[in-house]
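Structure file query05.pdb (PDB, C-alpha atoms) is printed below.
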MODEL        1
ATOM      1  CA  MET A   1      36.474  12.098 114.400
ATOM      2  CA  SER A   2      32.991  12.597 115.855
ATOM      3  CA  ALA A   3      31.401  16.033 115.781
ATOM      4  CA  PRO A   4      33.122  18.259 118.365
ATOM      5  CA  ILE A   5      30.984  19.382 121.306
ATOM      6  CA  ILE A   6      32.084  22.348 123.418
ATOM      7  CA  ALA A   7      30.490  23.473 126.679
ATOM      8  CA  ILE A   8      30.352  27.265 126.940
ATOM      9  CA  ASP A   9      30.127  29.106 130.255
ATOM     10  CA  ALA A  10      27.710  31.655 128.804
ATOM     11  CA  MET A  11      27.487  33.827 131.928
ATOM     12  CA  GLY A  12      31.203  34.539 132.387
ATOM     13  CA  GLY A  13      33.227  37.597 131.460
ATOM     14  CA  ASP A  14      32.598  41.317 131.638
ATOM     15  CA  PHE A  15      29.837  41.232 129.014
ATOM     16  CA  GLY A  16      28.337  37.785 129.660
ATOM     17  CA  PRO A  17      25.832  36.267 127.230
ATOM     18  CA  HIS A  18      25.357  39.522 125.306
ATOM     19  CA  CYS A  19      28.872  38.950 123.917
ATOM     20  CA  ILE A  20      29.069  35.172 124.093
ATOM     21  CA  VAL A  21      25.821  34.268 122.307
ATOM     22  CA  PRO A  22      26.683  36.243 119.116
ATOM     23  CA  ALA A  23      30.173  34.709 119.144
ATOM     24  CA  CYS A  24      28.719  31.204 119.395
ATOM     25  CA  ILE A  25      26.168  31.817 116.630
ATOM     26  CA  SER A  26      28.969  33.033 114.362
ATOM     27  CA  CYS A  27      31.155  29.999 115.150
ATOM     28  CA  LEU A  28      28.307  27.616 114.345
ATOM     29  CA  ALA A  29      27.985  29.269 110.930
ATOM     30  CA  GLU A  30      31.744  28.998 110.401
ATOM     31  CA  TYR A  31      32.130  25.334 111.453
ATOM     32  CA  SER A  32      29.399  23.093 110.063
ATOM     33  CA  SER A  33      30.164  20.117 112.335
ATOM     34  CA  LEU A  34      30.508  22.079 115.584
ATOM     35  CA  HIS A  35      28.019  21.546 118.433
ATOM     36  CA  LEU A  36      27.776  23.976 121.359
ATOM     37  CA  VAL A  37      26.127  23.731 124.767
ATOM     38  CA  LEU A  38      25.441  27.159 126.271
ATOM     39  CA  VAL A  39      25.330  26.936 130.059
ATOM     40  CA  GLY A  40      23.585  29.652 132.047
ATOM     41  CA  GLN A  41      20.238  31.225 132.816
ATOM     42  CA  SER A  42      18.078  29.494 130.232
ATOM     43  CA  SER A  43      15.380  32.162 129.845
ATOM     44  CA  LEU A  44      17.951  34.871 129.112
ATOM     45  CA  LEU A  45      19.940  32.656 126.756
ATOM     46  CA  GLU A  46      16.849  31.565 124.829
ATOM     47  CA  SER A  47      15.750  35.181 124.400
ATOM     48  CA  LEU A  48      19.150  36.100 122.958
ATOM     49  CA  ILE A  49      19.267  33.051 120.673
ATOM     50  CA  ALA A  50      15.786  33.934 119.372
ATOM     51  CA  ARG A  51      17.339  36.947 117.644
ATOM     52  CA  TYR A  52      18.995  34.483 115.242
ATOM     53  CA  PRO A  53      16.101  32.501 113.721
ATOM     54  CA  SER A  54      18.322  30.828 111.124
ATOM     55  CA  VAL A  55      20.622  29.158 113.672
ATOM     56  CA  ASP A  56      20.734  25.354 113.551
ATOM     57  CA  ARG A  57      19.236  24.397 116.924
ATOM     58  CA  ALA A  58      20.206  20.776 116.335
ATOM     59  CA  ARG A  59      23.772  21.956 117.009
ATOM     60  CA  LEU A  60      22.992  24.441 119.771
ATOM     61  CA  ARG A  61      21.362  23.615 123.062
ATOM     62  CA  VAL A  62      20.975  25.379 126.384
ATOM     63  CA  GLU A  63      21.774  23.855 129.776
ATOM     64  CA  HIS A  64      20.249  25.753 132.691
ATOM     65  CA  ALA A  65      22.435  26.974 135.548
ATOM     66  CA  ALA A  66      20.898  29.032 138.329
ATOM     67  CA  GLU A  67      24.086  30.596 139.711
ATOM     68  CA  ILE A  68      26.782  32.916 138.353
ATOM     69  CA  ILE A  69      30.333  33.254 139.660
ATOM     70  CA  ALA A  70      31.232  36.939 139.877
ATOM     71  CA  MET A  71      34.513  38.179 138.409
ATOM     72  CA  ASP A  72      35.702  39.287 141.870
ATOM     73  CA  GLU A  73      34.505  36.209 143.766
ATOM     74  CA  ARG A  74      37.003  34.254 145.829
ATOM     75  CA  PRO A  75      37.859  30.834 144.343
ATOM     76  CA  ALA A  76      37.072  29.067 147.625
ATOM     77  CA  GLN A  77      33.574  30.569 147.679
ATOM     78  CA  ALA A  78      33.017  29.589 144.052
ATOM     79  CA  LEU A  79      34.168  26.047 144.797
ATOM     80  CA  ARG A  80      32.151  25.450 147.957
ATOM     81  CA  GLY A  81      29.244  27.849 147.721
ATOM     82  CA  LYS A  82      27.978  27.660 144.134
ATOM     83  CA  PRO A  83      27.437  24.065 142.989
ATOM     84  CA  ASP A  84      24.905  25.197 140.357
ATOM     85  CA  SER A  85      27.063  27.849 138.684
ATOM     86  CA  SER A  86      27.378  28.042 134.905
ATOM     87  CA  MET A  87      31.125  27.507 135.214
ATOM     88  CA  ARG A  88      30.781  24.412 137.413
ATOM     89  CA  ILE A  89      28.118  22.804 135.209
ATOM     90  CA  SER A  90      30.183  23.474 132.062
ATOM     91  CA  LEU A  91      33.094  21.596 133.625
ATOM     92  CA  GLU A  92      30.796  18.787 134.801
ATOM     93  CA  LEU A  93      29.608  18.339 131.199
ATOM     94  CA  LEU A  94      33.247  17.952 130.170
ATOM     95  CA  ARG A  95      34.009  15.501 132.968
ATOM     96  CA  SER A  96      30.984  13.335 132.132
ATOM     97  CA  GLY A  97      31.870  13.135 128.443
ATOM     98  CA  ALA A  98      28.872  15.203 127.320
ATOM     99  CA  ALA A  99      31.356  17.765 125.980
ATOM    100  CA  GLN A 100      34.947  17.535 124.747
ATOM    101  CA  ALA A 101      36.080  20.975 125.889
ATOM    102  CA  CYS A 102      34.998  23.893 128.038
ATOM    103  CA  VAL A 103      35.425  27.604 127.243
ATOM    104  CA  SER A 104      34.888  30.360 129.811
ATOM    105  CA  ALA A 105      35.573  34.089 130.057
ATOM    106  CA  GLY A 106      34.848  34.018 133.772
ATOM    107  CA  ASN A 107      36.847  34.452 136.959
ATOM    108  CA  THR A 108      40.315  32.969 136.313
ATOM    109  CA  GLY A 109      41.004  31.848 139.883
ATOM    110  CA  ALA A 110      37.598  30.225 140.197
ATOM    111  CA  LEU A 111      37.975  28.481 136.841
ATOM    112  CA  MET A 112      41.351  27.056 137.843
ATOM    113  CA  ALA A 113      40.098  25.900 141.247
ATOM    114  CA  LEU A 114      36.978  24.295 139.794
ATOM    115  CA  SER A 115      38.909  22.710 136.929
ATOM    116  CA  ARG A 116      41.355  21.073 139.325
ATOM    117  CA  TYR A 117      38.507  19.866 141.548
ATOM    118  CA  VAL A 118      36.173  18.592 138.821
ATOM    119  CA  LEU A 119      38.627  17.308 136.200
ATOM    120  CA  LYS A 120      41.770  16.554 138.252
ATOM    121  CA  THR A 121      45.305  16.883 136.939
ATOM    122  CA  LEU A 122      47.119  14.430 134.698
ATOM    123  CA  PRO A 123      49.271  11.853 136.535
ATOM    124  CA  GLY A 124      52.566  13.380 137.635
ATOM    125  CA  ILE A 125      51.415  16.997 137.304
ATOM    126  CA  ASP A 126      51.295  19.029 140.516
ATOM    127  CA  ARG A 127      49.727  22.175 139.073
ATOM    128  CA  PRO A 128      48.070  23.028 135.764
ATOM    129  CA  ALA A 129      49.436  26.068 133.938
ATOM    130  CA  MET A 130      47.937  28.690 131.641
ATOM    131  CA  VAL A 131      49.528  28.916 128.196
ATOM    132  CA  THR A 132      48.801  31.032 125.142
ATOM    133  CA  ALA A 133      50.478  32.069 121.897
ATOM    134  CA  ILE A 134      51.901  35.583 121.740
ATOM    135  CA  PRO A 135      53.135  37.279 118.540
ATOM    136  CA  THR A 136      56.879  37.632 117.874
ATOM    137  CA  GLN A 137      59.063  38.767 114.982
ATOM    138  CA  ALA A 138      59.368  35.128 113.931
ATOM    139  CA  GLY A 139      55.654  34.346 114.223
ATOM    140  CA  PHE A 140      54.594  33.444 117.750
ATOM    141  CA  CYS A 141      55.746  31.633 120.870
ATOM    142  CA  HIS A 142      53.927  29.768 123.637
ATOM    143  CA  LEU A 143      54.176  31.538 127.006
ATOM    144  CA  LEU A 144      53.393  29.880 130.345
ATOM    145  CA  ASP A 145      52.412  30.335 133.140
ATOM    146  CA  LEU A 146      50.125  33.336 132.685
ATOM    147  CA  GLY A 147      48.840  33.736 136.222
ATOM    148  CA  ALA A 148      47.504  30.453 137.543
ATOM    149  CA  ASN A 149      50.548  29.878 139.790
ATOM    150  CA  VAL A 150      52.063  32.990 141.351
ATOM    151  CA  ASP A 151      54.691  31.136 143.386
ATOM    152  CA  CYS A 152      56.499  28.260 141.676
ATOM    153  CA  SER A 153      59.247  25.851 142.649
ATOM    154  CA  ALA A 154      61.924  24.666 140.241
ATOM    155  CA  GLU A 155      60.000  21.413 139.809
ATOM    156  CA  HIS A 156      56.870  23.326 138.821
ATOM    157  CA  LEU A 157      58.808  25.332 136.218
ATOM    158  CA  TYR A 158      60.256  22.062 134.908
ATOM    159  CA  GLN A 159      56.760  20.583 134.548
ATOM    160  CA  PHE A 160      55.573  23.747 132.774
ATOM    161  CA  ALA A 161      58.450  23.399 130.317
ATOM    162  CA  VAL A 162      57.496  19.799 129.546
ATOM    163  CA  MET A 163      53.811  20.679 129.095
ATOM    164  CA  GLY A 164      54.656  23.719 126.983
ATOM    165  CA  SER A 165      56.915  21.687 124.709
ATOM    166  CA  VAL A 166      54.315  18.957 124.160
ATOM    167  CA  THR A 167      51.603  21.573 123.549
ATOM    168  CA  ALA A 168      53.741  23.372 120.977
ATOM    169  CA  GLU A 169      54.453  20.078 119.201
ATOM    170  CA  ALA A 170      50.751  19.191 119.153
ATOM    171  CA  LEU A 171      49.944  22.574 117.617
ATOM    172  CA  GLY A 172      52.482  22.192 114.833
ATOM    173  CA  THR A 173      55.946  23.271 116.023
ATOM    174  CA  VAL A 174      58.675  20.761 115.173
ATOM    175  CA  ARG A 175      61.198  20.254 117.994
ATOM    176  CA  PRO A 176      60.211  23.432 119.865
ATOM    177  CA  ARG A 177      62.978  25.467 121.473
ATOM    178  CA  VAL A 178      62.272  25.759 125.206
ATOM    179  CA  ALA A 179      63.670  28.616 127.301
ATOM    180  CA  LEU A 180      63.315  30.012 130.813
ATOM    181  CA  LEU A 181      62.461  33.712 131.027
ATOM    182  CA  ASN A 182      65.178  35.456 133.019
ATOM    183  CA  VAL A 183      66.846  38.806 133.711
ATOM    184  CA  GLY A 184      69.887  37.741 131.690
ATOM    185  CA  THR A 185      71.189  34.876 129.596
ATOM    186  CA  GLU A 186      74.253  34.087 131.727
ATOM    187  CA  ASP A 187      74.174  31.039 134.013
ATOM    188  CA  ILE A 188      74.732  33.195 137.109
ATOM    189  CA  LYS A 189      71.586  35.293 136.493
ATOM    190  CA  GLY A 190      68.174  34.706 138.031
ATOM    191  CA  ASN A 191      66.636  33.702 141.347
ATOM    192  CA  GLN A 192      67.276  30.378 143.026
ATOM    193  CA  GLN A 193      64.235  28.576 141.618
ATOM    194  CA  VAL A 194      64.998  29.633 138.040
ATOM    195  CA  LYS A 195      68.604  28.434 138.399
ATOM    196  CA  LEU A 196      67.456  25.101 139.826
ATOM    197  CA  ALA A 197      64.893  24.714 137.032
ATOM    198  CA  ALA A 198      67.654  25.342 134.496
ATOM    199  CA  SER A 199      69.716  22.533 136.032
ATOM    200  CA  LEU A 200      66.762  20.153 135.783
ATOM    201  CA  LEU A 201      66.057  21.090 132.171
ATOM    202  CA  GLN A 202      69.693  20.693 131.150
ATOM    203  CA  GLN A 203      69.453  17.047 132.203
ATOM    204  CA  ALA A 204      66.136  16.370 130.454
ATOM    205  CA  GLU A 205      66.500  14.115 127.427
ATOM    206  CA  GLY A 206      64.109  14.738 124.566
ATOM    207  CA  LEU A 207      63.508  18.398 125.419
ATOM    208  CA  ASN A 208      65.129  21.024 123.215
ATOM    209  CA  TYR A 209      66.120  23.291 126.099
ATOM    210  CA  ILE A 210      68.171  26.278 124.882
ATOM    211  CA  GLY A 211      68.763  28.142 128.159
ATOM    212  CA  PHE A 212      67.619  31.555 129.332
ATOM    213  CA  VAL A 213      65.850  34.188 127.263
ATOM    214  CA  GLU A 214      65.278  37.835 128.194
ATOM    215  CA  GLY A 215      62.077  39.758 127.540
ATOM    216  CA  ASP A 216      63.361  41.338 124.339
ATOM    217  CA  GLY A 217      64.569  37.962 123.078
ATOM    218  CA  LEU A 218      61.087  36.569 123.569
ATOM    219  CA  TYR A 219      59.680  39.101 121.097
ATOM    220  CA  ARG A 220      62.531  38.485 118.659
ATOM    221  CA  GLY A 221      61.365  34.889 118.469
ATOM    222  CA  GLU A 222      64.436  33.308 120.052
ATOM    223  CA  ALA A 223      62.340  30.505 121.593
ATOM    224  CA  ASP A 224      59.151  28.626 120.765
ATOM    225  CA  VAL A 225      58.200  27.965 124.395
ATOM    226  CA  VAL A 226      58.993  30.470 127.155
ATOM    227  CA  VAL A 227      58.523  29.422 130.785
ATOM    228  CA  CYS A 228      58.072  31.600 133.869
ATOM    229  CA  ASP A 229      55.991  31.700 137.036
ATOM    230  CA  GLY A 230      52.476  33.097 136.872
ATOM    231  CA  PHE A 231      53.385  36.350 138.608
ATOM    232  CA  VAL A 232      55.937  37.272 135.941
ATOM    233  CA  GLY A 233      53.879  35.844 133.077
ATOM    234  CA  ASN A 234      50.724  37.761 133.913
ATOM    235  CA  ILE A 235      52.592  41.058 134.248
ATOM    236  CA  LEU A 236      54.374  40.402 130.944
ATOM    237  CA  LEU A 237      51.121  39.616 129.141
ATOM    238  CA  LYS A 238      49.197  42.617 130.506
ATOM    239  CA  SER A 239      52.147  44.964 129.879
ATOM    240  CA  SER A 240      52.369  43.726 126.290
ATOM    241  CA  GLU A 241      48.659  44.336 125.732
ATOM    242  CA  GLY A 242      48.930  47.831 127.181
ATOM    243  CA  LEU A 243      52.023  48.654 125.128
ATOM    244  CA  ALA A 244      50.380  47.471 121.908
ATOM    245  CA  ALA A 245      47.300  49.590 122.608
ATOM    246  CA  MET A 246      49.443  52.630 123.422
ATOM    247  CA  ILE A 247      51.498  52.312 120.220
ATOM    248  CA  ALA A 248      48.363  51.891 118.110
ATOM    249  CA  GLY A 249      46.842  54.981 119.711
ATOM    250  CA  ARG A 250      49.986  57.050 119.192
ATOM    251  CA  ILE A 251      50.219  56.048 115.523
ATOM    252  CA  GLU A 252      46.561  56.905 114.951
ATOM    253  CA  ALA A 253      46.996  60.307 116.616
ATOM    254  CA  LEU A 254      50.146  60.987 114.579
ATOM    255  CA  PHE A 255      48.399  60.291 111.277
ATOM    256  CA  LYS A 256      45.634  62.722 112.246
ATOM    257  CA  SER A 257      47.983  65.520 113.332
ATOM    258  CA  SER A 258      48.154  67.370 109.989
ATOM    259  CA  LEU A 259      46.995  67.226 106.393
ATOM    260  CA  ALA A 260      50.352  65.819 105.262
ATOM    261  CA  ALA A 261      50.229  63.191 108.004
ATOM    262  CA  ARG A 262      46.703  62.186 106.970
ATOM    263  CA  MET A 263      47.873  61.751 103.369
ATOM    264  CA  VAL A 264      50.773  59.541 104.473
ATOM    265  CA  GLY A 265      48.398  57.648 106.733
ATOM    266  CA  ALA A 266      46.035  56.969 103.833
ATOM    267  CA  LEU A 267      48.905  55.453 101.835
ATOM    268  CA  ALA A 268      50.062  53.357 104.790
ATOM    269  CA  LEU A 269      46.556  52.250 105.808
ATOM    270  CA  PRO A 270      46.556  48.822 104.055
ATOM    271  CA  LEU A 271      49.865  47.833 105.663
ATOM    272  CA  LEU A 272      48.804  49.155 109.054
ATOM    273  CA  ARG A 273      45.548  47.205 108.912
ATOM    274  CA  ARG A 274      47.455  44.050 108.017
ATOM    275  CA  LEU A 275      49.814  44.565 110.966
ATOM    276  CA  GLN A 276      46.906  45.346 113.262
ATOM    277  CA  GLY A 277      45.212  42.133 112.196
ATOM    278  CA  GLU A 278      48.329  40.089 112.941
ATOM    279  CA  LEU A 279      48.817  41.630 116.377
ATOM    280  CA  ALA A 280      45.178  42.110 117.383
ATOM    281  CA  PRO A 281      44.256  40.499 120.714
ATOM    282  CA  ALA A 282      41.263  38.900 118.980
ATOM    283  CA  GLN A 283      43.664  36.742 116.958
ATOM    284  CA  HIS A 284      45.430  35.419 120.059
ATOM    285  CA  ASN A 285      42.658  35.331 122.680
ATOM    286  CA  GLY A 286      42.328  32.100 124.579
ATOM    287  CA  ALA A 287      44.681  30.593 127.141
ATOM    288  CA  SER A 288      44.700  26.840 127.692
ATOM    289  CA  PHE A 289      44.798  25.221 131.127
ATOM    290  CA  VAL A 290      47.331  22.482 130.375
ATOM    291  CA  GLY A 291      47.919  19.585 132.750
ATOM    292  CA  LEU A 292      44.245  18.774 133.338
ATOM    293  CA  GLN A 293      42.309  15.659 132.352
ATOM    294  CA  GLY A 294      40.286  17.688 129.883
ATOM    295  CA  ILE A 295      40.462  20.717 127.590
ATOM    296  CA  VAL A 296      39.715  24.036 129.285
ATOM    297  CA  VAL A 297      40.241  27.350 127.481
ATOM    298  CA  LYS A 298      40.078  30.672 129.308
ATOM    299  CA  SER A 299      38.991  33.684 127.276
ATOM    300  CA  HIS A 300      39.957  37.203 128.324
ATOM    301  CA  GLY A 301      37.288  38.600 130.633
ATOM    302  CA  ALA A 302      36.946  41.750 128.525
ATOM    303  CA  ALA A 303      36.685  39.792 125.273
ATOM    304  CA  GLY A 304      34.291  40.901 122.559
ATOM    305  CA  PRO A 305      32.564  38.470 120.179
ATOM    306  CA  GLU A 306      35.545  38.160 117.809
ATOM    307  CA  ASP A 307      37.911  37.577 120.723
ATOM    308  CA  PHE A 308      35.650  34.898 122.182
ATOM    309  CA  LYS A 309      35.471  33.166 118.804
ATOM    310  CA  SER A 310      39.271  32.827 118.908
ATOM    311  CA  ALA A 311      38.995  31.034 122.246
ATOM    312  CA  ILE A 312      36.468  28.608 120.744
ATOM    313  CA  ARG A 313      38.788  28.029 117.784
ATOM    314  CA  ARG A 314      41.629  27.212 120.168
ATOM    315  CA  ALA A 315      39.439  24.657 121.935
ATOM    316  CA  LEU A 316      38.523  23.127 118.570
ATOM    317  CA  ARG A 317      42.183  22.795 117.627
ATOM    318  CA  GLU A 318      42.983  21.063 120.901
ATOM    319  CA  ILE A 319      40.060  18.668 120.415
ATOM    320  CA  GLU A 320      41.368  17.828 116.939
ATOM    321  CA  GLU A 321      44.844  17.168 118.351
ATOM    322  CA  ASP A 322      43.483  15.321 121.428
ATOM    323  CA  LEU A 323      45.852  17.425 123.504
ATOM    324  CA  PRO A 324      45.260  15.928 126.992
ATOM    325  CA  GLN A 325      45.873  12.412 125.677
ATOM    326  CA  ARG A 326      49.022  13.518 123.862
ATOM    327  CA  LEU A 327      50.239  15.193 127.027
ATOM    328  CA  HIS A 328      49.486  12.070 129.054
ATOM    329  CA  GLY A 329      51.398   9.923 126.571
ATOM    330  CA  ARG A 330      54.478  12.146 126.592
ATOM    331  CA  LEU A 331      54.662  13.255 130.205
ATOM    332  CA  GLY A 332      55.930   9.910 131.424
ATOM    333  CA  GLU A 333      59.020  10.319 129.245
ATOM    334  CA  HIS A 334      60.066  13.538 130.950
ATOM    335  CA  LEU A 335      58.607  13.920 134.431
ATOM    336  CA  LEU A 336      60.906  13.576 137.405
TER     337      LEU A 336
ENDMDL
END

Show me the file's structure as structure tokens.
Amino acid sequence: MSAPIIAIDAMGGDFGPHCIVPACISCLAEYSSLHLVLVGQSSLLESLIARYPSVDRARLRVEHAAEIIAMDERPAQALRGKPDSSMRISLELLRSGAAQACVSAGNTGALMALSRYVLKTLPGIDRPAMVTAIPTQAGFCHLLDLGANVDCSAEHLYQFAVMGSVTAEALGTVRPRVALLNVGTEDIKGNQQVKLAASLLQQAEGLNYIGFVEGDGLYRGEADVVVCDGFVGNILLKSSEGLAAMIAGRIEALFKSSLAARMVGALALPLLRRLQGELAPAQHNGASFVGLQGIVVKSHGAAGPEDFKSAIRRALREIEEDLPQRLHGRLGEHLL
């Protein structure tokens, strides 16, 4: 395989290039064949890169973009009003073949709108979906959609299930178990679209559809791919992040509450650090926009350098697996 080239929207996210440039420099040191194109205000980017004199500039170049899409900007405005934005140019590099993937921590709605406009969807796909891996008792599962599609029909949920299954297979899961997220596991539970999606999936040959899974079953690892609309998925993801942070804070406060507690905490520290490392958002940052004719990875807007590196790693993995082509090859077997 040729050296991977990733276009980076260097102006996106809450911290912009001050977070993204260090993350990119670190990734270049970690992956000797990786090439990155940082897209954004060239004078600012060059001044930040200059702080790392040992970086291999043969593998790092800057592409100027005069405009920035704000985190609260409407997608329609980003699409029509900012043709020279760092996000738009990053996607244009991917479309032209100058890059093999795009990573952005910018405005999610704008990134989805621009991705659909610039790259187009794969044949047979109505809407791309956002998917990421979330930790479970059994390891992790792939959850989609995470917010790109708030209202979904049964056919959309069916397409998400197909894309999620193929993605999980490409990333190493053998015969992934696919489930619909629901308020119960009985056939009578759920809204009309979820019930209709279940009927479609029950008839799908080649998909390992196992039925409904509840929220607690998701974290027990009862499925490898869990499908829901973007409204539910985004709330689930953000609630999980908040719960994890709250539990970590409560444990830390408990171990500081007395001398005896501090002694117990010191003994438990190695195990707690290991658990924290396994569950840390930095290890799971990066949601893929599946269903597009190209690899687009969305980093959390509040990501720090380590988090952003995880998003780059996810893009690298999808380049290695040629995920869009694998999706294209398999979708025809399953789509209605």

Checklist entry - Which residues, written as an MDAnalysis selection string, have at least one atom at most 12 Å from Ile69 of chain A, with all atoms listed in the file counted and residues fewer than 6 positions away on the same chain left out? => result chainID A and resid 9:14 16 40 75:89 104:111 114

Item to check | Resolved residues for the PyMOL selection byres ((chain A and resi 215) around 10) as a ChimeraX atom specification | outcome: /A:181-184,213-214,216-220,226,236

Checklist entry - What do you get, as a ChimeraX atom specification, if you spell out every residue that the PyMOL selection byres ((chain A and resi 127) around 10) selects here? => result /A:112,116,120-122,124-126,128-129,148-149,152,156,159-160,289-292

Prev. selection, C-alpha atoms, output as a PDB file, keeping the file's coordinate frame:
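Below is the file selection.pdb, written as the result:
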ATOM      1  CA  MET A 112      41.351  27.056 137.843  1.00  0.00           C
ATOM      2  CA  ARG A 116      41.355  21.073 139.325  1.00  0.00           C
ATOM      3  CA  LYS A 120      41.770  16.554 138.252  1.00  0.00           C
ATOM      4  CA  THR A 121      45.305  16.883 136.939  1.00  0.00           C
ATOM      5  CA  LEU A 122      47.119  14.430 134.698  1.00  0.00           C
ATOM      6  CA  GLY A 124      52.566  13.380 137.635  1.00  0.00           C
ATOM      7  CA  ILE A 125      51.415  16.997 137.304  1.00  0.00           C
ATOM      8  CA  ASP A 126      51.295  19.029 140.516  1.00  0.00           C
ATOM      9  CA  PRO A 128      48.070  23.028 135.764  1.00  0.00           C
ATOM     10  CA  ALA A 129      49.436  26.068 133.938  1.00  0.00           C
ATOM     11  CA  ALA A 148      47.504  30.453 137.543  1.00  0.00           C
ATOM     12  CA  ASN A 149      50.548  29.878 139.790  1.00  0.00           C
ATOM     13  CA  CYS A 152      56.499  28.260 141.676  1.00  0.00           C
ATOM     14  CA  HIS A 156      56.870  23.326 138.821  1.00  0.00           C
ATOM     15  CA  GLN A 159      56.760  20.583 134.548  1.00  0.00           C
ATOM     16  CA  PHE A 160      55.573  23.747 132.774  1.00  0.00           C
ATOM     17  CA  PHE A 289      44.798  25.221 131.127  1.00  0.00           C
ATOM     18  CA  VAL A 290      47.331  22.482 130.375  1.00  0.00           C
ATOM     19  CA  GLY A 291      47.919  19.585 132.750  1.00  0.00           C
ATOM     20  CA  LEU A 292      44.245  18.774 133.338  1.00  0.00           C
TER      21      LEU A 292
END

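For the pair atom CA of Leu237 of chain A and atom CA of Lys298 of chain A, the interatomic distance is 14.2 Å.
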
Checklist entry - What is the atom CA of Cys27 of chain A to atom CA of Ile319 of chain A distance in Å? => result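 Atom CA of Ile319 of chain A lies 15.3 Å from atom CA of Cys27 of chain A.
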
Checklist entry - With all atoms listed in the file as the basis for distance, which of A:Gly304, A:Pro17, A:Pro176, A:Gly97 is at the shortest distance from Asn208 of chain A? => result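 The closest residue to Asn208 of chain A is A:Pro176.
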
Checklist entry - Can you tell me how far atom CA of Leu45 of chain A sits from atom CA of Asn285 of chain A, in Å to one decimal? => result 23.2 Å

Next on the checklist: If we draw a sphere of 12 Å around (46.6, 56.2, 115.4), which residues have at least one atom in it when counting all atoms listed in the file? Please report them as a PyMOL selection string.
Outcome noted: chain A and resi 244-257+261-262+265-266+268-269+272-273+276

Next on the checklist: I want to know what sits within 8 Å of Asp229 of chain A, based on all atoms listed in the file, with residues of the same chain fewer than 4 positions away left out; could you give that as a PyMOL selection string?
Outcome noted: chain A and resi 144-147+149-152+157+233

Checklist entry - Nearest to Glu205 of chain A among A:Ala303, A:Ala7, A:Glu333, A:Ala154, with distances taken over all atoms listed in the file: which residue is it? => result A:Glu333

Item to check | Given the PyMOL selection byres ((chain A and resi 312) around 12), the residues it picks as a count of residues only | outcome: 51

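Minimum distance to Leu60 of chain A across A:Val162, A:Leu44, A:Ala138, A:Val21 (counting all atoms listed in the file) occurs at A:Val21.
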
Item to check | A:Ala168, A:Leu38, A:Ile68, A:Ala58 ranked by distance to Phe140 of chain A, top pick (using only C-alpha atoms) | outcome: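 Under the stated criterion, the closest residue is A:Ala168.
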
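Proximity ranking of A:Leu119, A:Ile49, A:Ala260, A:Met130 relative to Leu91 of chain A places A:Leu119 first, based on all atoms listed in the file.
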
Item to check | Residue nearest Thr185 of chain A among A:Ile210, A:Leu327, A:Leu267, A:Ala99 (counting all atoms listed in the file) | outcome: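 Of the candidates, the smallest distance to Thr185 of chain A is held by A:Ile210.
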
Item to check | Shell of 8 Å around Ala197 of chain A, all atoms listed in the file, local chain residues under 2 positions omitted, as a VMD selection string | outcome: chain A and resid 154 to 155 157 to 158 193 to 195 199 to 201

As lines of an AutoDock Vina configuration file, please: the centre and edge lengths in Å, to one decimal, of an axis-aligned box enclosing every listed atom of segment 19-26 of chain A with 5 Å added on each side.
center_x = 28.0
center_y = 35.1
center_z = 119.2
size_x = 14.4
size_y = 17.7
size_z = 19.7

Next on the checklist: So that I can check the surroundings of Val178 of chain A, please list as an MDAnalysis selection string every protein, DNA and RNA residue that reaches within 9 Å of it, counting all atoms listed in the file and ignoring chain neighbours fewer than 4 positions away.
Outcome noted: chainID A and resid 161:162 164:165 207:212 223:227
